[in-house]
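These notes concern the structure reproduced below.
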Amino acid sequence: MNEKSLLLFISIVFAVLVIYWISIAVSLIYRRRRKARLMKIEIIFADIVSRYLYNDPVNPLTLEEIKTTLRNVGIRPRNKNNIQFVIRLMIRTQRTILGSNFSKLQKLYAEIPPYGVSIKKISSWSWYKKARGIREIYEMNQSQYFDEIFKYRDDKNIYVRREAQIALVVFLGWESLRFLPYLKRNITLWQQIKIVEKLYDLYPKPELKWLHRAYETEKLFGKKLLMRIIRKYELHEEIGFIIDHLNHEDYEVRETAIYCLQTFAVSSSTMAYIKELYNDIPNATQQGQLLNYIYENSDIDLEFYLKQLYSNNEDLKLSIAEILWNNGYKEKVQEFYYQQYPKASLNVG
Amino acid sequence: MRKVLVIQEDIIILKILERLVRLNNFECKAIRSLEDLSIEDQQTNFDFIITDILFEGIAPLEFVAQVQEVLLHKNLLIVTNMGQDKVKKEIFALRGITGFYAAPIDLDEIEAIIQAY
């Protein structure tokens with residue numbers, strides 16, 4: 001490498017470094033300015049919301065003033081990032097407030113500019129934007145877009161239908177259960193829990209009419225969801241639905257039924273019925289779980305436990321023997337084990 | 001004039017509470033952290049302190065203890081996003097807490113307490 005090419009190489013490296021430094025400087029300046037801009041938007045938004053919720057009769061805040069202020073701070077249709085930031089602020093604020101102020105906020109959100117952005121997202125090809133748009137609409141409680149959201153309740157994309165189903169719960173509450181029998185695509189466990197929690201947060205008073213209608217569902221995910229709702233609301237009068245699924249042919253339905261049943265204490269006649277179903281459960285682990293429930297929630301039924309001890313179910317005999325042993329029936333356990341070895345002699349020394 | 005100190009890191013809640021207090025004819029000092037307090041504030045006996053408990057670098061209970069120790073006040077209201085039962089119990093186990101409001105909050109309840117004062 002001669003002197004000329006070396007100099008050329010150094011100048012190229014230097015030029016690359018300069019470009020690199022300039023890009024870092026531009027990025028830092030941009031970030032700083034962006035941060036300052038977002039902070040300004042947040043302060044302006046906070047000021048608008050506070051003045052709107054507690055309007056001073058002497059100096060009232062008008063809708064026109066709100067729109068102008070937002071426009072001046074950069075909330076315009078072409079500034080999509082700013083609009084998205086305001087939507088996040090709106091959702092955050094609405095989540096923090098209850099009561100009459102919550103209704104006031106809803107009214108405000110229906111009137112200020114960013115509000116049309118979320119519904120446009122629903123028309124997007126991208127599932128991500130669509131799901132996000134649905135979420136923003138239900139988070140801000142913009143129920144006038146319900147019809148638009150409703151059609152996505154059974155969408156092929158899991159995230160879109162997930163958000164649409166939550167929106168249904170938010171807008172319709174218990175009535176949303178009436179669509180359950182018509183859903184074709186699976187509702188995952190996570191989604192079931194989300195639906196139950198949302199329903200409980202927003203509609204704490206049960207409306208059994210809709211629950212009873214949803215009992216018609218043949219879908220396994222639907223049955224599991226309903227059992228989780230019964231458990232969450234502690235609907236003692238609906239416990240029959242859970243019990244009827246203890247011996248369901250599907251493993252996960254049985255698992256949910258046993259899990260949900262554990263929240264409830266039942267009458268002795270219901271417990272007798274559960275004991276009858278116990279033998280129909282084809283899985284030993286699940287039988288063990290139900291056995292624990294029976295043991296913890298009822299008095300010792302010697303006849304039931306002895307029947308299980310002398311049955312062909314080898315997997316649970318030790319657990320049953322343990323229950324009997326610890327509850328004053330040692331001789332019954334000894335008798336059972338001795339009768340297995342009739343010719344053995346005792347070596348007592 | 002009756003005085004209220006509002007300490008909230010969330011600017012939106014801070015502004016809303018400040019507005020609520022001012023419209024109920026209280027003098028209000030609204031700050032985002034204890035660092036924003038002036039010496040004069042530390043000598044003021046506030047009728048109400050409305051504060052969050054979740055601040056960077058300090059445990060919630062420690063923060064409440066610090067507020068109680070450092071600032072003169074008659075009533076202490078906690079308004080926070082940390083609404084877990086355990087936190088609530090621990091806060092009430094401290095003495096001198098007038099109220100605990102976890103998000104989502106009903107501002108009408110806070111207003112009623114202030115108006116009743």
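All residue names refer to the structure tokens as shown: chains lettered A, B, ... in order, residues numbered from 1 in each chain, ligands numbered from 1 in order.
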Report the closest atom pair, with its distance in Å rounded to one decimal, for each residue of chain B that has an atom no farther than 10 Å from chain A; count only C-alpha atoms, sort by chain and then rising residue number, and write it as CSV.
```
residue,atom,partner,partner_atom,distance
B:Asp10,CA,A:Ala46,CA,9.4
B:Ile11,CA,A:Ala46,CA,6.5
B:Ile12,CA,A:Ala46,CA,4.3
B:Ile13,CA,A:Ala46,CA,7.7
B:Leu14,CA,A:Ala46,CA,8.3
B:Lys15,CA,A:Ser50,CA,5.9
B:Ile16,CA,A:Ser50,CA,4.3
B:Leu17,CA,A:Ser50,CA,7.8
B:Glu18,CA,A:Ser50,CA,8.2
B:Arg19,CA,A:Ser50,CA,6.1
B:Leu20,CA,A:Tyr54,CA,6.3
B:Val21,CA,A:Tyr54,CA,9.7
B:Arg22,CA,A:Tyr54,CA,9.6
B:Leu23,CA,A:Asp56,CA,7.3
B:Thr80,CA,A:Thr96,CA,9.4
B:Asn81,CA,A:Thr96,CA,7.9
B:Ala102,CA,A:Thr96,CA,8.8
B:Ala103,CA,A:Thr96,CA,5.1
B:Pro104,CA,A:Thr96,CA,4.2
B:Ile105,CA,A:Ile97,CA,5.0
B:Asp106,CA,A:Leu98,CA,4.7
B:Leu107,CA,A:Ile97,CA,7.3
B:Asp108,CA,A:Gly99,CA,7.4
B:Glu109,CA,A:Gly99,CA,9.4
```
Mind checking which residues fall within 8 Å of stretch 124-129 of chain A, counting only C-alpha atoms, ignoring those fewer than 3 positions away in the same chain, and posting them as a PyMOL selection string? chain A and resi 120-121+132-133+157+159-160
Within 9 Å of A:Leu38, counting only C-alpha atoms, which residues show up once you throw out same-chain ones fewer than 5 positions away? Write them as a compact mmCIF listing (two decimals) with N, CA and C atoms, in the first residue's frame, please.
```
# COMPACT_ATOMS: atom_id res chain seq x y z
N ARG A 33 -35.64 16.75 21.47
CA ARG A 33 -36.77 17.59 21.08
C ARG A 33 -38.08 16.82 21.15
N ILE A 43 -48.46 17.61 29.38
CA ILE A 43 -48.86 18.69 30.30
C ILE A 43 -50.13 19.38 29.79
N ASN A 82 -47.93 11.77 17.29
CA ASN A 82 -48.48 12.61 18.37
C ASN A 82 -49.88 12.15 18.73
N PHE A 85 -49.78 9.10 20.74
CA PHE A 85 -49.37 9.41 22.11
C PHE A 85 -50.56 9.93 22.93
```
Pick out the residues sitting within 8 Å of stretch 198-205 of chain A, and hand them over as a PyMOL selection string; count only C-alpha atoms, and ignore anything fewer than 2 positions along from it in its own chain. chain A and resi 166+169-170+173-174+194-196+207+232-233
Just the alpha helix (DSSP H) stuff from stretch 32-263 of chain A, please, per backbone DSSP, written as a ChimeraX atom specification. /A:32-53,63-72,80-96,100-109,115-122,127-139,146-150,158-172,189-202,208-214,220-233,239-244,251-261
Surrounding residues of A:Trp325 excluding itself and chain neighbours under 5 positions, 12 Å, only C-alpha atoms, as number ranges by chain: A: 300, 302, 305-306, 309, 317-320, 330-336
Taking 4 positions as the minimum chain separation for residues in the same chain, which residues sit within 12 Å of A:Glu175 when counting only C-alpha atoms? Answer as a list in words.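 So, after excluding close chain neighbours, the residues are Leu168, Val169, Val170, Phe171, Phe179, Leu180, Leu199, Tyr203, Pro206, Glu207, Leu208, Lys209, Trp210, Leu211, His212, Arg213 and Ala214 of chain A.
The interatomic distance for the pair atom CA of A:His245 and atom CA of A:Ala257 works out to 6.0 Å.
Compared by their closest atoms to B:Cys28, and using only C-alpha atoms, the residues B:Ala65, B:Met1, B:Val79, B:Ile53 rank with B:Met1 nearest.
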Backbone-only DSSP, strand (DSSP E) members of chain B, as a compact mmCIF listing (two decimals) with N, CA and C atoms, in the first residue's frame:
```txt
# COMPACT_ATOMS: atom_id res chain seq x y z
N LYS B 3 -54.77 24.94 53.32
CA LYS B 3 -53.74 24.56 52.34
C LYS B 3 -53.68 23.05 52.13
N VAL B 4 -53.45 22.69 50.87
CA VAL B 4 -53.33 21.27 50.51
C VAL B 4 -52.03 21.07 49.72
N LEU B 5 -51.36 19.97 50.02
CA LEU B 5 -50.18 19.60 49.23
C LEU B 5 -50.51 18.33 48.45
N VAL B 6 -50.35 18.38 47.12
CA VAL B 6 -50.58 17.19 46.30
C VAL B 6 -49.22 16.72 45.76
N ILE B 7 -48.91 15.45 46.00
CA ILE B 7 -47.66 14.88 45.47
C ILE B 7 -48.03 13.68 44.59
N GLU B 27 -55.94 26.46 49.08
CA GLU B 27 -54.70 26.83 48.41
C GLU B 27 -53.97 25.53 48.13
N CYS B 28 -53.44 25.39 46.93
CA CYS B 28 -52.85 24.08 46.59
C CYS B 28 -51.43 24.18 46.08
N LYS B 29 -50.57 23.34 46.62
CA LYS B 29 -49.22 23.21 46.10
C LYS B 29 -49.14 21.83 45.47
N ALA B 30 -48.89 21.77 44.16
CA ALA B 30 -48.85 20.47 43.46
C ALA B 30 -47.43 20.20 42.99
N ILE B 31 -46.88 19.09 43.44
CA ILE B 31 -45.49 18.76 43.07
C ILE B 31 -45.41 17.30 42.62
N ASN B 45 -48.05 24.03 57.78
CA ASN B 45 -48.88 22.95 58.32
C ASN B 45 -50.07 22.76 57.35
N PHE B 46 -50.00 21.71 56.53
CA PHE B 46 -51.04 21.50 55.50
C PHE B 46 -52.29 20.89 56.12
N ASP B 47 -53.43 21.33 55.63
CA ASP B 47 -54.68 20.73 56.10
C ASP B 47 -54.82 19.32 55.53
N PHE B 48 -54.40 19.17 54.28
CA PHE B 48 -54.39 17.84 53.65
C PHE B 48 -53.09 17.65 52.88
N ILE B 49 -52.58 16.43 52.95
CA ILE B 49 -51.55 16.04 51.97
C ILE B 49 -52.17 14.88 51.19
N ILE B 50 -52.22 15.05 49.87
CA ILE B 50 -52.75 13.97 49.01
C ILE B 50 -51.56 13.45 48.21
N THR B 51 -51.16 12.22 48.48
CA THR B 51 -49.92 11.75 47.86
C THR B 51 -50.01 10.33 47.30
N LEU B 72 -45.43 18.87 58.10
CA LEU B 72 -46.51 19.09 59.06
C LEU B 72 -47.85 18.97 58.33
N HIS B 73 -48.76 18.23 58.92
CA HIS B 73 -50.05 18.08 58.25
C HIS B 73 -51.12 17.63 59.25
N LYS B 74 -52.38 17.82 58.83
CA LYS B 74 -53.49 17.38 59.68
C LYS B 74 -54.11 16.10 59.16
N ASN B 75 -54.18 15.98 57.85
CA ASN B 75 -54.76 14.77 57.23
C ASN B 75 -53.86 14.28 56.11
N LEU B 76 -53.78 12.95 55.99
CA LEU B 76 -52.95 12.38 54.93
C LEU B 76 -53.79 11.40 54.10
N LEU B 77 -53.99 11.75 52.83
CA LEU B 77 -54.75 10.87 51.93
C LEU B 77 -53.78 10.23 50.93
N ILE B 78 -53.92 8.93 50.76
CA ILE B 78 -53.08 8.23 49.78
C ILE B 78 -53.92 7.97 48.52
N VAL B 79 -53.41 8.41 47.38
CA VAL B 79 -54.06 8.14 46.09
C VAL B 79 -53.01 7.49 45.20
N THR B 80 -53.23 6.21 44.89
CA THR B 80 -52.15 5.48 44.23
C THR B 80 -52.65 4.41 43.26
N GLY B 99 -57.10 8.38 54.61
CA GLY B 99 -57.81 7.60 53.58
C GLY B 99 -56.86 6.99 52.59
N PHE B 100 -57.31 5.90 51.98
CA PHE B 100 -56.49 5.22 50.97
C PHE B 100 -57.36 4.99 49.73
N TYR B 101 -56.97 5.54 48.61
CA TYR B 101 -57.74 5.42 47.38
C TYR B 101 -56.85 4.83 46.29
N ALA B 102 -57.25 3.65 45.82
CA ALA B 102 -56.46 2.99 44.78
C ALA B 102 -57.15 3.18 43.43
```
Distance atom CA of A:Ile243-atom CA of A:Asp299, one decimal place?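 That distance, rounded to one decimal, is 19.2 Å.
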Neighbours of B:Leu71 within 8 Å (only C-alpha atoms; same-chain residues fewer than 2 positions away dropped), as a list in words? Gln42, Gln43, Thr44, Asn45, Val67, Gln68, Glu69 and His73 of chain B
Next, write the just-selected residues to a file, as a compact mmCIF listing (two decimals), in the first residue's frame, keeping C-alpha atoms as the atom set.
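Final output, result22.txt:
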```txt
# COMPACT_ATOMS: atom_id res chain seq x y z
CA GLN B 42 -41.57 22.29 54.93
CA GLN B 43 -42.63 24.82 57.52
CA THR B 44 -46.27 24.92 56.42
CA ASN B 45 -48.88 22.95 58.32
CA VAL B 67 -43.80 12.39 54.55
CA GLN B 68 -45.21 11.97 58.04
CA GLU B 69 -41.89 12.82 59.59
CA HIS B 73 -50.05 18.08 58.25
```
B:Gln8, B:Asp41, B:Leu61, B:Gln66 ranked by distance to B:Phe92, top pick (using only C-alpha atoms):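 Under the stated criterion, the closest residue is B:Leu61.
If you look at atom CA of A:Gln165 and atom CA of A:Arg178, they are 12.0 Å away from each other.
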